[in-house]
Amino acid sequence: MKHIILCADDYGLSPGVSRGIRELLERGRLSATSCMVVYPEFSEEGPLLKPFLGSADIGLHFTMTAKRSLPFVAAEFFLHPPPVSKMIAAVEEQVGEFSDVLGKLPDYIDGHQHVHLLPVLREAVVRVASRIGAYVRDASEPIGAAMWQRPAPLESTYLSCLSRPLSKLARRWNVATNRGFRGARNFRDTRPFRDLFRSMIAGAGDGCLVMCHPGYADSLLAERDEVREAREAELRYFAGPDFPRDLRDHDLALCGLADSIEPRAA
């Protein structure tokens with residue numbers, strides 16, 4: 001049996017999203033969640049994750065697009081990147097907010113809308129992760145025919161290419177990463193989420209991280225994000241009976257990163 005990390009992104013984006021993620025954690029249907037600390041609700045929603053510390057990976061979803069669009073941020077980092085020292089300070093600030101609320105450092109660091117893969121910022125994230133002993137999300141996957149059988153192959157190819165410099169930095173700084181990445185979708189695909197997910201996890205191996213975005217839509221989510229109905233569809237699937245069956249059919253089980261990549265006793 002292979003062991004994968006199923007990570008729900010965007011904890012803290014809105015109370016409805018956070019509640020949906022906690023419900024799945026309570027049922028053992030997730031093995032990780034990434035926290036957005038930039039919204040004021042995190043001071044109340046964050047402590048509610050404390051019962052899951054140690055049983056799930058709880059990480060920092062480093063955020064730079066709460067007030068600026070991703071194209072604007074990406075253009076800045078590719079064309080006029082800020083100093084690494086400035087971005088290290090920005091990552092450290094959000095790590096501090098995380099630890100103030102949860103009483104511990106994050107198990108890992110990734111980026112909302114994958115901003116941690118951008119030039120300069122990827123180095124800042126890896127260096128901070130090295131200091132605190134966290135792992136970093138690597139969105140690399142082999143680019144080939146298999147990728148084109150899964151959802152969003154163009155997006156997956158882009159993320160894999162953008163992840164290569166981060167992979168090298170992580171090795172240089174001796175920072176752990178996941179081994180394989182699935183879950184990219186363009187949210188325009190109208191197929192049932194179960195079909196999408198089964199395609200996502202086909203052939204996944206030990207240490208593969210599968211990204212997901214479950215949650216309840218609420219008024220704050222409507223103000224902050226365009227993805228709403230798809231989150232509720234993911235939540236229904238992960239909470240329902242088909243999800244554990246699909247894991248068994250693919251010979252998969254959920255674990256945190258350490259248990260996914262370290263040898264286990266027979």
# chains A, B, ... in the order shown; residues from 1 in each chain; ligands from 1
>>> residues_around(residues="Glu141 of chain A", least_positions_apart="4", cutoff="12 Å", atoms="only C-alpha atoms", output="ChimeraX atom specification")
/A:145-148,150,153,155-164,167,178-184,200,203-205,208-210
>>> residues_around(residues="Met64 of chain A", least_positions_apart="6", cutoff="10 Å", atoms="only C-alpha atoms", output="ChimeraX atom specification")
/A:38,70,73,90-91,111-116
>>> residues_around(residues="Leu235 of chain A", least_positions_apart="3", cutoff="12 Å", atoms="only C-alpha atoms", output="PyMOL selection string")
chain A and resi 8+16-25+29-30+193-194+212-217+228-232+238-241+243
>>> write_last_selection(atoms="C-alpha atoms", output="PDB file, in the first residue's frame")
ATOM      1  CA  ALA A   8      -6.720  20.889   2.243  1.00  0.00           C
ATOM      2  CA  GLY A  16     -17.092  28.161   6.279  1.00  0.00           C
ATOM      3  CA  VAL A  17     -13.939  26.877   4.638  1.00  0.00           C
ATOM      4  CA  SER A  18     -12.274  26.353   8.018  1.00  0.00           C
ATOM      5  CA  ARG A  19     -15.297  24.523   9.430  1.00  0.00           C
ATOM      6  CA  GLY A  20     -15.470  22.161   6.478  1.00  0.00           C
ATOM      7  CA  ILE A  21     -11.773  21.328   6.788  1.00  0.00           C
ATOM      8  CA  ARG A  22     -12.087  20.656  10.530  1.00  0.00           C
ATOM      9  CA  GLU A  23     -15.008  18.296   9.908  1.00  0.00           C
ATOM     10  CA  LEU A  24     -12.875  16.292   7.503  1.00  0.00           C
ATOM     11  CA  LEU A  25      -9.932  16.245   9.926  1.00  0.00           C
ATOM     12  CA  ARG A  29     -10.416  12.212   5.795  1.00  0.00           C
ATOM     13  CA  LEU A  30      -7.422  14.592   5.526  1.00  0.00           C
ATOM     14  CA  PHE A 193     -15.312  15.629  -8.569  1.00  0.00           C
ATOM     15  CA  ARG A 194     -15.092  11.907  -7.869  1.00  0.00           C
ATOM     16  CA  CYS A 212      -7.610  19.863  -2.425  1.00  0.00           C
ATOM     17  CA  HIS A 213      -9.935  22.765  -1.602  1.00  0.00           C
ATOM     18  CA  PRO A 214     -12.972  21.595   0.407  1.00  0.00           C
ATOM     19  CA  GLY A 215     -15.163  23.918   2.444  1.00  0.00           C
ATOM     20  CA  TYR A 216     -18.552  25.520   2.954  1.00  0.00           C
ATOM     21  CA  ALA A 217     -19.346  28.633   0.932  1.00  0.00           C
ATOM     22  CA  ARG A 228     -17.236  28.419  -4.074  1.00  0.00           C
ATOM     23  CA  GLU A 229     -19.495  25.645  -5.461  1.00  0.00           C
ATOM     24  CA  ALA A 230     -16.466  23.489  -6.278  1.00  0.00           C
ATOM     25  CA  ARG A 231     -15.370  23.643  -2.629  1.00  0.00           C
ATOM     26  CA  GLU A 232     -18.703  22.279  -1.454  1.00  0.00           C
ATOM     27  CA  PHE A 238     -14.374  13.635   0.921  1.00  0.00           C
ATOM     28  CA  ALA A 239     -17.033  13.303   3.638  1.00  0.00           C
ATOM     29  CA  GLY A 240     -18.943  10.599   1.769  1.00  0.00           C
ATOM     30  CA  PRO A 241     -18.578   6.831   1.377  1.00  0.00           C
ATOM     31  CA  PHE A 243     -13.756   8.519  -0.981  1.00  0.00           C
TER      32      PHE A 243
END
>>> closest_residue(among="A:Arg248, A:Gly207, A:Arg185, A:Ala152", to="His3 of chain A", atoms="only C-alpha atoms")
A:Gly207
>>> residues_around(residues="Gly256 of chain A", least_positions_apart="5", cutoff="8 Å", atoms="only C-alpha atoms", output="ChimeraX atom specification")
/A:4-5,31-32,55-57
>>> select_by_dssp(residues="segment 77-169 of chain A", states="helix (DSSP H, G or I)", output="PyMOL selection string")
chain A and resi 77-79+84-102+112-117+121-132+145-149+153-169
>>> select_by_dssp(residues="segment 94-191 of chain A", states="strand (DSSP E)", output="PyMOL selection string")
chain A and resi 108-111+135-136+181-182
>>> write_last_selection(atoms="C-alpha atoms", output="short mmCIF file (atom, residue, chain, number, x, y, z; two decimals), in the first residue's frame")
data_model
loop_
_atom_site.label_atom_id
_atom_site.label_comp_id
_atom_site.auth_asym_id
_atom_site.auth_seq_id
_atom_site.Cartn_x
_atom_site.Cartn_y
_atom_site.Cartn_z
CA TYR A 108 5.54 22.87 6.41
CA ILE A 109 5.32 25.98 4.24
CA ASP A 110 3.58 26.33 0.89
CA GLY A 111 2.03 29.26 -0.94
CA TYR A 135 9.17 20.84 4.92
CA VAL A 136 8.19 22.66 1.73
CA PHE A 181 2.25 16.39 -6.54
CA ARG A 182 -1.34 15.97 -7.64
#
>>> atom_distance(atom1="atom CA of Cys35 of chain A", atom2="atom CA of His61 of chain A")
4.9 Å
>>> closest_residue(among="A:Leu220, A:Arg172, A:Ala75, A:Tyr237", to="Pro15 of chain A", atoms="only C-alpha atoms")
A:Leu220
>>> atom_distance(atom1="atom CA of Glu76 of chain A", atom2="atom CA of Val126 of chain A")
19.8 Å
>>> closest_residue(among="A:Ser199, A:Ser130, A:Gln149, A:Ser140", to="Leu166 of chain A", atoms="only C-alpha atoms")
A:Ser140
>>> closest_residue(among="A:Leu13, A:Tyr39, A:Asp206, A:Thr177", to="Ser260 of chain A", atoms="only C-alpha atoms")
A:Asp206
>>> closest_residue(among="A:Ala202, A:Cys7, A:Ala74, A:Val95", to="Met36 of chain A", atoms="only C-alpha atoms")
A:Val95
